[in-house]
Amino acid sequence: MVLKVFFPSCCSSAESGILIGRWISEQNSAVILAVVHFPFIPAQVKQYLSEVQQVTKVSVSVLGSWSNSKEKKEESLSEFLEDLGTIFSHEPWIQISKEGDSKFWSCSTLQKHSNHPKEEEIILVYYDQRKVMLSHLHPPLDTATSTENKADDASKLAAIFDTVAKSRMLFMVDRYDDGPIKLTHWQSDGVEASIIVELLKQASVPACMLLTFLLSLISGICKSRVLKFWPLSFLWSKLSTCEQLGHRLQHLQVISSNKKAQNQTQLMRKANIFVSLLIDVALGMLLMSWLYRKNRIGHLADTLIPVADHVAEELQDLLQWLMGAPAGLKMNRALDQVLGRFFLYHIHLWISYIHLMSPFIEMILWYVGLSACLGLTMALCILSDIIALLTFHIYCFYVYGARLYCLKIYGLSSLWRLFRGKKWNVLRQRVDSCSYDLDQLFIGTLLFTILLFLLPTTALYYLVFTLLRLLVVIVQGLIRLLVDLIDSLPLYSIILRLCRSYRLAAGVKFRVLEQQDGKPLRLLMQINPLSYGSVVQTYRLPTYSCYPKDSWTSLCKKLFLGELIYPWKHKGEKQD
């Protein structure tokens, strides 16, 4: 049977003593955590280990002895190390010795309480204790395709990583302490600490209390009855700026929460949200400084009105083209003139509205630009809402054309069922047989003929305005994708993967060191970091957006039937 001994590389130069760690009987493995130096009192060592075990919930015990002598090992020292096995009574008793500067160590086991001791093959595995303790081992993401062997290996590695991570109290004792026990581990030369980090921890407590109070005040105002009236509630649910503001308020509540993170996932989520907010605000400040420099707000306001006039003129030219003979098509002149003049009147109203608001455009843009201090995502959401307001006439044209076209399509389909002796059963949601008299068939034939010959004119207007509406939706969709990218991208995890890849462990790999006959096999355990794609998939932040889940076939069907597509669709709402 193979005995695996995981030995910390930081203890390779430690003085002689005893090995303390955890024995994992299921894997026939020993995880060495530290070396206790001579001299020591066995009773004090046992008491200290019991205290550590109560706090860490890890069964830490004395596993064996460690001998590091620059000269040839004396026989008296060898006997003394063997006698320690009777005091601490661990089975098997592991003896590791390093002689001089030799790269090859001797490792053996003693089983004094066994009548038939077995000779075990020993594998000595070196590991970086600091990296293993600070890393977090991630389970396989694709659990459906992972085999049982992979899952078993992952559970074995998790036991080793958890043993080192939970023994943090053991690593808080360094050689400068005045205690009766001297240990060697990765922090034996001094506990790692940062003055800046400690100061930030002290300052974060009052800052979080103040932020929690402000957020509770804002949330109380948002939940008040004033905002539940129809106009305000409608704007809050439809404008993407309000949705993004509520999303960021939820993020601030998560960051300022006094509850401690229960696991690594919650801790990484808080860190990702904090870094995302910082970068978002930093990009927003850069945008605001660029806008207010060299009077770019005024230039933008002066450009906005001519652009709106140019778009209106292009729409007027398009409608004049549709009212003639577009592409040589023969249209119903009466309906064509009615629809054309109806849409031209709407464009006239829109131009009048724009010119009425022109004196206030610069002031509005000046105050809107200040919102960039809340983050780049807020500025992008305001830009999306401004595009929606400036193209509201296009949206109205699309809705008018879609409703008229949909009415004719459903009318033609209903009359087509009439010719076949069928009707739509509303209660049972199916097509049933039905008998019609001669007058009903005559009226149905007249209506079918009228709708069929008026359909090309309506379909042409519907096609043109649907293409314009899709163009606006694509622009808003690109802005929404950029906002979602900033909101959901786990920037802290990506930076951590770039700078300290061992913190996000996907597994381990073993490299064979020098091997010699009669000596245990020596392996070096190295951490395999998560790939960048796995980091994004694991720690990606949720967003509030709810995009239509329609396939291309369903989308084409809706376009053909004249159903509205993407008309300010949100969660919990039905699409018209």
# chains A, B, ... in the order shown; residues from 1 in each chain; ligands from 1
>>> residues_around(residues="His247 in chain A", least_positions_apart="4", cutoff="9 Å", atoms="only C-alpha atoms", output="ChimeraX atom specification")
/A:242-243,251-252,543-544
>>> closest_atom_pairs(of="range 282-310 of chain A", to="range 371-374 of chain A", cutoff="10 Å", atoms="only C-alpha atoms", output="JSON lines")
{"residue": "A:Ala282", "atom": "CA", "partner": "A:Cys373", "partner_atom": "CA", "distance": 8.1}
{"residue": "A:Leu283", "atom": "CA", "partner": "A:Ala372", "partner_atom": "CA", "distance": 8.5}
{"residue": "A:Gly284", "atom": "CA", "partner": "A:Ala372", "partner_atom": "CA", "distance": 4.7}
{"residue": "A:Met285", "atom": "CA", "partner": "A:Cys373", "partner_atom": "CA", "distance": 5.2}
{"residue": "A:Leu286", "atom": "CA", "partner": "A:Ala372", "partner_atom": "CA", "distance": 8.6}
{"residue": "A:Leu287", "atom": "CA", "partner": "A:Ala372", "partner_atom": "CA", "distance": 6.8}
{"residue": "A:Met288", "atom": "CA", "partner": "A:Ala372", "partner_atom": "CA", "distance": 5.7}
{"residue": "A:Ser289", "atom": "CA", "partner": "A:Ala372", "partner_atom": "CA", "distance": 9.3}
{"residue": "A:Leu291", "atom": "CA", "partner": "A:Ala372", "partner_atom": "CA", "distance": 9.7}
>>> write_last_selection(atoms="N, CA and C atoms", output="PDB file, in the first residue's frame")
ATOM      1  N   ALA A 282     -14.960  55.514 -11.854  1.00  0.00           N
ATOM      2  CA  ALA A 282     -13.762  56.121 -12.428  1.00  0.00           C
ATOM      3  C   ALA A 282     -13.951  56.428 -13.911  1.00  0.00           C
ATOM      4  N   LEU A 283     -14.544  55.501 -14.653  1.00  0.00           N
ATOM      5  CA  LEU A 283     -14.817  55.759 -16.074  1.00  0.00           C
ATOM      6  C   LEU A 283     -15.842  56.878 -16.243  1.00  0.00           C
ATOM      7  N   GLY A 284     -16.823  56.938 -15.347  1.00  0.00           N
ATOM      8  CA  GLY A 284     -17.797  58.025 -15.406  1.00  0.00           C
ATOM      9  C   GLY A 284     -17.181  59.384 -15.147  1.00  0.00           C
ATOM     10  N   MET A 285     -16.241  59.443 -14.201  1.00  0.00           N
ATOM     11  CA  MET A 285     -15.564  60.714 -13.934  1.00  0.00           C
ATOM     12  C   MET A 285     -14.715  61.149 -15.123  1.00  0.00           C
ATOM     13  N   LEU A 286     -14.060  60.190 -15.779  1.00  0.00           N
ATOM     14  CA  LEU A 286     -13.290  60.531 -16.982  1.00  0.00           C
ATOM     15  C   LEU A 286     -14.201  61.075 -18.079  1.00  0.00           C
ATOM     16  N   LEU A 287     -15.364  60.440 -18.254  1.00  0.00           N
ATOM     17  CA  LEU A 287     -16.311  60.925 -19.260  1.00  0.00           C
ATOM     18  C   LEU A 287     -16.817  62.318 -18.909  1.00  0.00           C
ATOM     19  N   MET A 288     -17.087  62.564 -17.633  1.00  0.00           N
ATOM     20  CA  MET A 288     -17.598  63.872 -17.220  1.00  0.00           C
ATOM     21  C   MET A 288     -16.539  64.948 -17.428  1.00  0.00           C
ATOM     22  N   SER A 289     -15.277  64.632 -17.097  1.00  0.00           N
ATOM     23  CA  SER A 289     -14.208  65.616 -17.309  1.00  0.00           C
ATOM     24  C   SER A 289     -14.024  65.918 -18.797  1.00  0.00           C
ATOM     25  N   LEU A 291     -16.472  65.763 -21.104  1.00  0.00           N
ATOM     26  CA  LEU A 291     -17.637  66.502 -21.576  1.00  0.00           C
ATOM     27  C   LEU A 291     -17.569  67.977 -21.207  1.00  0.00           C
TER      28      LEU A 291
END
>>> closest_residue(among="A:Leu376, A:Leu446, A:Leu454, A:Leu134", to="Ile409 in chain A", atoms="only C-alpha atoms")
A:Leu454
>>> residues_around(residues="range 154-167 of chain A", least_positions_apart="2", cutoff="8 Å", atoms="only C-alpha atoms", output="PyMOL selection string")
chain A and resi 22+27+31+33+52+56-58+129+132-134+136-137+139+150-152+169-171+507
>>> write_last_selection(atoms="N, CA, C and O atoms", output="PDB file, in the first residue's frame")
ATOM      1  N   ARG A  22      -2.333  16.358  10.085  1.00  0.00           N
ATOM      2  CA  ARG A  22      -3.582  15.589  10.071  1.00  0.00           C
ATOM      3  C   ARG A  22      -3.372  14.283   9.316  1.00  0.00           C
ATOM      4  O   ARG A  22      -2.764  14.266   8.255  1.00  0.00           O
ATOM      5  N   GLN A  27      -7.484   8.112   2.691  1.00  0.00           N
ATOM      6  CA  GLN A  27      -6.539   8.222   1.585  1.00  0.00           C
ATOM      7  C   GLN A  27      -5.165   7.655   1.916  1.00  0.00           C
ATOM      8  O   GLN A  27      -4.291   7.674   1.049  1.00  0.00           O
ATOM      9  N   VAL A  31      -0.850  14.866   6.110  1.00  0.00           N
ATOM     10  CA  VAL A  31      -0.629  16.254   5.721  1.00  0.00           C
ATOM     11  C   VAL A  31       0.143  16.932   6.850  1.00  0.00           C
ATOM     12  O   VAL A  31      -0.399  17.167   7.935  1.00  0.00           O
ATOM     13  N   LEU A  33       1.699  19.918   8.767  1.00  0.00           N
ATOM     14  CA  LEU A  33       1.380  21.339   8.866  1.00  0.00           C
ATOM     15  C   LEU A  33       2.518  22.167   9.461  1.00  0.00           C
ATOM     16  O   LEU A  33       2.709  23.313   9.056  1.00  0.00           O
ATOM     17  N   VAL A  52      -6.008  23.773  19.548  1.00  0.00           N
ATOM     18  CA  VAL A  52      -6.106  24.028  18.112  1.00  0.00           C
ATOM     19  C   VAL A  52      -7.240  23.215  17.503  1.00  0.00           C
ATOM     20  O   VAL A  52      -7.999  23.696  16.654  1.00  0.00           O
ATOM     21  N   THR A  56     -10.236  24.928  15.343  1.00  0.00           N
ATOM     22  CA  THR A  56     -10.235  24.698  13.898  1.00  0.00           C
ATOM     23  C   THR A  56     -11.099  23.529  13.461  1.00  0.00           C
ATOM     24  O   THR A  56     -11.382  23.386  12.266  1.00  0.00           O
ATOM     25  N   LYS A  57     -11.526  22.670  14.408  1.00  0.00           N
ATOM     26  CA  LYS A  57     -12.301  21.474  14.078  1.00  0.00           C
ATOM     27  C   LYS A  57     -11.534  20.526  13.149  1.00  0.00           C
ATOM     28  O   LYS A  57     -12.128  19.771  12.370  1.00  0.00           O
ATOM     29  N   VAL A  58     -10.215  20.567  13.228  1.00  0.00           N
ATOM     30  CA  VAL A  58      -9.351  19.688  12.441  1.00  0.00           C
ATOM     31  C   VAL A  58      -8.603  18.779  13.413  1.00  0.00           C
ATOM     32  O   VAL A  58      -8.028  19.258  14.396  1.00  0.00           O
ATOM     33  N   GLN A 129       2.992  25.824   1.240  1.00  0.00           N
ATOM     34  CA  GLN A 129       1.955  25.947   2.253  1.00  0.00           C
ATOM     35  C   GLN A 129       1.199  27.260   2.147  1.00  0.00           C
ATOM     36  O   GLN A 129      -0.029  27.300   2.333  1.00  0.00           O
ATOM     37  N   VAL A 132      -1.244  27.047  -0.907  1.00  0.00           N
ATOM     38  CA  VAL A 132      -2.346  26.116  -0.662  1.00  0.00           C
ATOM     39  C   VAL A 132      -3.338  26.707   0.328  1.00  0.00           C
ATOM     40  O   VAL A 132      -4.560  26.543   0.184  1.00  0.00           O
ATOM     41  N   MET A 133      -2.850  27.430   1.338  1.00  0.00           N
ATOM     42  CA  MET A 133      -3.745  28.002   2.336  1.00  0.00           C
ATOM     43  C   MET A 133      -4.565  29.156   1.757  1.00  0.00           C
ATOM     44  O   MET A 133      -5.753  29.309   2.053  1.00  0.00           O
ATOM     45  N   LEU A 134      -3.942  29.978   0.919  1.00  0.00           N
ATOM     46  CA  LEU A 134      -4.643  31.136   0.372  1.00  0.00           C
ATOM     47  C   LEU A 134      -5.487  30.805  -0.845  1.00  0.00           C
ATOM     48  O   LEU A 134      -6.323  31.618  -1.250  1.00  0.00           O
ATOM     49  N   HIS A 136      -8.252  28.725  -3.289  1.00  0.00           N
ATOM     50  CA  HIS A 136      -9.591  28.136  -3.153  1.00  0.00           C
ATOM     51  C   HIS A 136      -9.771  27.145  -4.290  1.00  0.00           C
ATOM     52  O   HIS A 136      -9.735  27.514  -5.473  1.00  0.00           O
ATOM     53  N   LEU A 137      -9.945  25.889  -3.942  1.00  0.00           N
ATOM     54  CA  LEU A 137     -10.084  24.830  -4.940  1.00  0.00           C
ATOM     55  C   LEU A 137     -11.509  24.807  -5.458  1.00  0.00           C
ATOM     56  O   LEU A 137     -12.457  24.648  -4.695  1.00  0.00           O
ATOM     57  N   PRO A 139     -14.566  23.200  -7.722  1.00  0.00           N
ATOM     58  CA  PRO A 139     -15.000  21.906  -8.290  1.00  0.00           C
ATOM     59  C   PRO A 139     -15.076  21.995  -9.798  1.00  0.00           C
ATOM     60  O   PRO A 139     -15.135  23.095 -10.369  1.00  0.00           O
ATOM     61  N   LYS A 150     -12.630  11.550 -11.661  1.00  0.00           N
ATOM     62  CA  LYS A 150     -12.327  12.978 -11.496  1.00  0.00           C
ATOM     63  C   LYS A 150     -12.977  13.530 -10.234  1.00  0.00           C
ATOM     64  O   LYS A 150     -12.379  14.308  -9.496  1.00  0.00           O
ATOM     65  N   ALA A 151     -14.211  13.133  -9.984  1.00  0.00           N
ATOM     66  CA  ALA A 151     -14.902  13.610  -8.775  1.00  0.00           C
ATOM     67  C   ALA A 151     -14.205  13.090  -7.519  1.00  0.00           C
ATOM     68  O   ALA A 151     -14.087  13.808  -6.515  1.00  0.00           O
ATOM     69  N   ASP A 152     -13.733  11.840  -7.562  1.00  0.00           N
ATOM     70  CA  ASP A 152     -13.036  11.272  -6.405  1.00  0.00           C
ATOM     71  C   ASP A 152     -11.715  11.982  -6.166  1.00  0.00           C
ATOM     72  O   ASP A 152     -11.353  12.292  -5.027  1.00  0.00           O
ATOM     73  N   MET A 169      -5.128  29.122  12.583  1.00  0.00           N
ATOM     74  CA  MET A 169      -4.704  29.453  13.952  1.00  0.00           C
ATOM     75  C   MET A 169      -3.319  28.906  14.241  1.00  0.00           C
ATOM     76  O   MET A 169      -2.527  29.525  14.969  1.00  0.00           O
ATOM     77  N   LEU A 170      -3.003  27.751  13.659  1.00  0.00           N
ATOM     78  CA  LEU A 170      -1.690  27.144  13.879  1.00  0.00           C
ATOM     79  C   LEU A 170      -0.578  27.997  13.307  1.00  0.00           C
ATOM     80  O   LEU A 170       0.542  28.004  13.826  1.00  0.00           O
ATOM     81  N   PHE A 171      -0.876  28.743  12.245  1.00  0.00           N
ATOM     82  CA  PHE A 171       0.146  29.546  11.573  1.00  0.00           C
ATOM     83  C   PHE A 171       0.287  30.944  12.162  1.00  0.00           C
ATOM     84  O   PHE A 171       1.059  31.740  11.638  1.00  0.00           O
ATOM     85  N   GLY A 507      -7.138  22.780  -9.909  1.00  0.00           N
ATOM     86  CA  GLY A 507      -6.610  21.442  -9.612  1.00  0.00           C
ATOM     87  C   GLY A 507      -5.119  21.554  -9.337  1.00  0.00           C
ATOM     88  O   GLY A 507      -4.589  22.653  -9.117  1.00  0.00           O
TER      89      GLY A 507
END
>>> atom_distance(atom1="CA of Phe448 in chain A", atom2="CA of Ala325 in chain A")
24.5 Å
>>> residues_around(residues="range 329-340 of chain A", least_positions_apart="3", cutoff="7 Å", atoms="only C-alpha atoms", output="PyMOL selection string")
chain A and resi 319+323+325-326+343-344+454+457
>>> write_last_selection(atoms="N, CA and C atoms", output="CSV table (one decimal), in the first residue's frame")
chain,number,residue,atom,x,y,z
A,319,LEU,N,-41.7,59.3,-46.7
A,319,LEU,CA,-43.2,59.3,-46.8
A,319,LEU,C,-43.7,59.8,-48.1
A,323,MET,N,-45.9,57.7,-50.8
A,323,MET,CA,-47.2,58.2,-51.3
A,323,MET,C,-47.3,58.2,-52.8
A,325,ALA,N,-45.3,56.1,-56.2
A,325,ALA,CA,-45.2,54.8,-56.7
A,325,ALA,C,-43.9,54.2,-56.3
A,326,PRO,N,-43.7,53.7,-55.1
A,326,PRO,CA,-42.5,53.2,-54.6
A,326,PRO,C,-42.0,52.0,-55.3
A,343,PHE,N,-49.0,60.2,-41.1
A,343,PHE,CA,-47.6,60.2,-40.6
A,343,PHE,C,-46.9,61.5,-40.8
A,344,LEU,N,-47.2,62.2,-41.9
A,344,LEU,CA,-46.6,63.5,-42.0
A,344,LEU,C,-47.0,64.5,-41.0
A,454,LEU,N,-56.2,45.7,-50.0
A,454,LEU,CA,-55.5,46.8,-49.2
A,454,LEU,C,-54.3,46.3,-48.5
A,457,THR,N,-50.5,47.8,-49.6
A,457,THR,CA,-50.2,49.1,-49.1
A,457,THR,C,-49.9,49.2,-47.6
>>> closest_atom_pairs(of="range 451-549 of chain A", to="range 3-15 of chain A", cutoff="10 Å", atoms="only C-alpha atoms", output="CSV")
residue,atom,partner,partner_atom,distance
A:Leu521,CA,A:Lys4,CA,9.8
A:Arg522,CA,A:Val5,CA,9.8
A:Leu523,CA,A:Phe6,CA,9.4
A:Leu524,CA,A:Ser9,CA,9.1
A:Met525,CA,A:Phe6,CA,8.9
>>> write_last_selection(atoms="all heavy atoms", output="mmCIF file, in the first residue's frame")
data_model
loop_
_atom_site.group_PDB
_atom_site.id
_atom_site.type_symbol
_atom_site.label_atom_id
_atom_site.label_comp_id
_atom_site.auth_asym_id
_atom_site.auth_seq_id
_atom_site.Cartn_x
_atom_site.Cartn_y
_atom_site.Cartn_z
ATOM 1 N N LEU A 521 9.947 8.225 -3.374
ATOM 2 C CA LEU A 521 9.674 9.038 -4.558
ATOM 3 C C LEU A 521 9.306 10.452 -4.121
ATOM 4 O O LEU A 521 8.451 10.654 -3.272
ATOM 5 C CB LEU A 521 8.536 8.412 -5.365
ATOM 6 C CG LEU A 521 8.078 9.174 -6.610
ATOM 7 C CD1 LEU A 521 9.207 9.283 -7.623
ATOM 8 C CD2 LEU A 521 6.859 8.510 -7.233
ATOM 9 N N ARG A 522 9.955 11.433 -4.730
ATOM 10 C CA ARG A 522 9.748 12.837 -4.354
ATOM 11 C C ARG A 522 9.001 13.546 -5.480
ATOM 12 O O ARG A 522 9.434 13.545 -6.632
ATOM 13 C CB ARG A 522 11.079 13.527 -4.082
ATOM 14 C CG ARG A 522 11.854 12.891 -2.940
ATOM 15 C CD ARG A 522 13.298 13.350 -2.861
ATOM 16 N NE ARG A 522 13.403 14.764 -2.566
ATOM 17 C CZ ARG A 522 13.993 15.648 -3.378
ATOM 18 N NH1 ARG A 522 14.497 15.248 -4.525
ATOM 19 N NH2 ARG A 522 14.088 16.915 -3.049
ATOM 20 N N LEU A 523 7.857 14.142 -5.117
ATOM 21 C CA LEU A 523 7.025 14.874 -6.068
ATOM 22 C C LEU A 523 6.840 16.309 -5.595
ATOM 23 O O LEU A 523 6.860 16.588 -4.395
ATOM 24 C CB LEU A 523 5.650 14.218 -6.235
ATOM 25 C CG LEU A 523 5.609 12.764 -6.700
ATOM 26 C CD1 LEU A 523 4.171 12.258 -6.720
ATOM 27 C CD2 LEU A 523 6.231 12.609 -8.072
ATOM 28 N N LEU A 524 6.654 17.213 -6.542
ATOM 29 C CA LEU A 524 6.370 18.622 -6.242
ATOM 30 C C LEU A 524 4.950 18.924 -6.712
ATOM 31 O O LEU A 524 4.637 18.775 -7.888
ATOM 32 C CB LEU A 524 7.371 19.539 -6.944
ATOM 33 C CG LEU A 524 7.146 21.043 -6.738
ATOM 34 C CD1 LEU A 524 7.281 21.424 -5.273
ATOM 35 C CD2 LEU A 524 8.107 21.859 -7.601
ATOM 36 N N MET A 525 4.088 19.323 -5.772
ATOM 37 C CA MET A 525 2.699 19.647 -6.100
ATOM 38 C C MET A 525 2.586 21.114 -6.475
ATOM 39 O O MET A 525 2.961 22.007 -5.706
ATOM 40 C CB MET A 525 1.787 19.340 -4.911
ATOM 41 C CG MET A 525 0.310 19.486 -5.222
ATOM 42 S SD MET A 525 -0.774 19.028 -3.834
ATOM 43 C CE MET A 525 -0.558 20.473 -2.796
#
>>> atom_distance(atom1="CA of Lys260 in chain A", atom2="CA of Tyr532 in chain A")
27.3 Å
>>> closest_residue(among="A:Lys238, A:Arg168, A:Lys131, A:Arg511", to="Leu389 in chain A", atoms="only C-alpha atoms")
A:Lys238
>>> atom_distance(atom1="CA of Cys499 in chain A", atom2="CA of Gln537 in chain A")
18.8 Å
>>> closest_residue(among="A:Gln526, A:Gln440, A:Gln95, A:Ser488", to="Ala506 in chain A", atoms="only C-alpha atoms")
A:Gln526
>>> select_by_dssp(residues="range 485-547 of chain A", states="strand (DSSP E)", output="list in words")
Leu504, Ala505, Ala506, Gly507, Val508, Lys509, Phe510, Arg511, Val512, Leu521, Arg522, Leu523, Leu524, Met525, Gln526, Ile527, Asn528 and Pro529 of chain A
>>> select_by_dssp(residues="range 22-106 of chain A", states="alpha helix (DSSP H)", output="list in words")
Pro42, Ala43, Gln44, Val45, Lys46, Gln47, Tyr48, Leu49, Ser50, Glu51, Val52, Gln53, Gln54, Val55, Thr56, Glu75, Ser76, Leu77, Ser78, Glu79, Phe80, Leu81, Glu82, Asp83, Leu84, Gly85, Thr86, Ile87 and Phe88 of chain A
